[in-house]
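**Student:** Before we start, here is the structure in question, set down as structure tokens.
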Amino acid sequence: MLQQKQNATITYTGIETPIGLVFAAFSRGALCRISAGTEAEFLRIITPSAGEAPIRADSILHDYSRQILAVFMEDNPMKLPICLDTLTPFQQRVLGKTAEIPRGQVRSYGWIARAIGSPNAHRAVGTALALNPLPFVIPCHRVVRADGRLGAYSGGGTAVKARLLTLEDVQIAQASGNFIVQKPFNPT
């Protein structure tokens, strides 16, 4: 559950995207959570254990929604402030490096680990990505296994990860029930 400071009003909105409806939550003007699924599931995730109930504010958050939709549609980094306060410094470094992966490209978990100076931490990188509270905005779908298999995706599973990569013109193959990206994909 996303922890918020007491008395922080959380507003949220629904956004229709190429992968379906997603919900985005904001606290103190910063994007703090985005997720696919039902509104009820989203509210369970974002409802703080103490304080005010989240408020749906579609009209107030319209400009924010347009920026988030642009993340799905074009190589246009979002300019909204984001909140990653609930994550450890290691997790924040992983997500920071992941945010740098260009649209239409992928990297391996090991590449991320090496790039942040923790070359043996590829499993910890996977764990940090699984905890990504902003899975469409911080593009963890662009991180795959060393053998090219897509791996899990906190934004809605492997099929959603494949769909997002396909929208970015990444060539995805399917073999033995697995979605695969052709190698090589890590820059030298």
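Numbering starts fresh at 1 for the residues of each chain in the structure tokens, the chains themselves are lettered A, B, ... in the order given, and ligands are numbered from 1 as they appear.
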Write out as a list in words the residues lying within 12 Å of Arg149 (chain A), counting only C-alpha atoms and excluding same-chain residues fewer than 6 positions away.
**Tutor:** Val106, Arg107, Ser108, Tyr109, His141, Arg142, Val143, Thr158, Ala159, Lys161, Ala162, Ile172, Ala173, Gln174, Ala175, Ser176, Gly177, Asn178, Phe179, Ile180, Val181, Gln182, Lys183 and Phe185 of chain A
**Student:** Let's see if you can do this: from backbone DSSP, list all alpha helix (DSSP H) residues in region 73-131 of chain A, as a ChimeraX atom specification.
**Tutor:** /A:73,89-99,109-115,122-130
**Student:** Residues near Gly157 (chain A), anyone? I mean within 12 Å using only C-alpha atoms, not counting same-chain ones fewer than 2 positions away, as a list of chain:residue names.
**Tutor:**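 Listed by chain and then number, they are A:Ile19, A:Ser35, A:Ala36, A:Gly37, A:Ala130, A:Pro135, A:Cys140, A:His141, A:Leu150, A:Gly151, A:Ala152, A:Tyr153, A:Ser154, A:Gly155, A:Ala159, A:Val160, A:Lys161, A:Ala162, A:Arg163, A:Leu164, A:Phe179.
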**Student:** From a DSSP pass on the backbone, collect the residues of chain A flagged as strand (DSSP E or B) and hand them back as number ranges by chain.
**Tutor:** A: 10-17, 20-27, 30-36, 55-56, 82, 107-108, 143-144, 149, 172-175, 178-181
**Student:** Quote the spacing between CA of Pro81 (chain A) and CA of Ile15 (chain A) in Å to one decimal place.
**Tutor:**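 Interatomic distance, CA of Pro81 (chain A) to CA of Ile15 (chain A): 17.8 Å.
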**Student:** Set the distance at 10 Å and use only C-alpha atoms: which residues neighbour Gly14 (chain A) once local chain neighbours fewer than 3 positions away are removed? I'd like the list as a PyMOL selection string.
**Tutor:** chain A and resi 17+21-25+34-36+38-39+56-58+61-62+65
**Student:** In Å to one decimal, how far is CA of Val137 (chain A) from CA of Gly20 (chain A)?
**Tutor:**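 Between CA of Gly20 (chain A) and CA of Val137 (chain A) the gap is 15.0 Å.
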**Student:** List as a list in words the protein and nucleic acid residues near Asn120 (chain A), meaning an atom at most 10 Å away when only C-alpha atoms are counted, but skip any in the same chain fewer than 6 places from it.
**Tutor:** Gly110, Ala113 and Arg114 of chain A
**Student:** Please, could you write that set of residues out with N, CA, C and O atoms as a PDB file, in the first residue's frame?
**Tutor:**
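And here is the file that came out, result-v1.pdb:
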```
ATOM      1  N   GLY A 110      20.320  -6.839 -15.901  1.00  0.00           N
ATOM      2  CA  GLY A 110      21.753  -6.754 -15.636  1.00  0.00           C
ATOM      3  C   GLY A 110      22.355  -5.442 -16.097  1.00  0.00           C
ATOM      4  O   GLY A 110      23.252  -4.898 -15.445  1.00  0.00           O
ATOM      5  N   ALA A 113      21.556  -2.899 -13.531  1.00  0.00           N
ATOM      6  CA  ALA A 113      22.395  -3.116 -12.343  1.00  0.00           C
ATOM      7  C   ALA A 113      23.799  -2.549 -12.558  1.00  0.00           C
ATOM      8  O   ALA A 113      24.329  -1.853 -11.687  1.00  0.00           O
ATOM      9  N   ARG A 114      24.398  -2.847 -13.710  1.00  0.00           N
ATOM     10  CA  ARG A 114      25.741  -2.318 -14.004  1.00  0.00           C
ATOM     11  C   ARG A 114      25.719  -0.794 -14.107  1.00  0.00           C
ATOM     12  O   ARG A 114      26.617  -0.114 -13.615  1.00  0.00           O
TER      13      ARG A 114
END
```
**Student:** In Å, rounded to a single decimal, give me how far CA of Leu131 (chain A) is from CA of Trp111 (chain A).
**Tutor:**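 Computing it gives 18.5 Å between the two atoms.
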**Student:** Smallest atom-to-atom distance to Ala124 (chain A): which of A:Val94, A:Ala30, A:Ile60, A:Ala146, using only C-alpha atoms?
**Tutor:**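 That would be A:Val94, the residue with the smallest distance to Ala124 (chain A).
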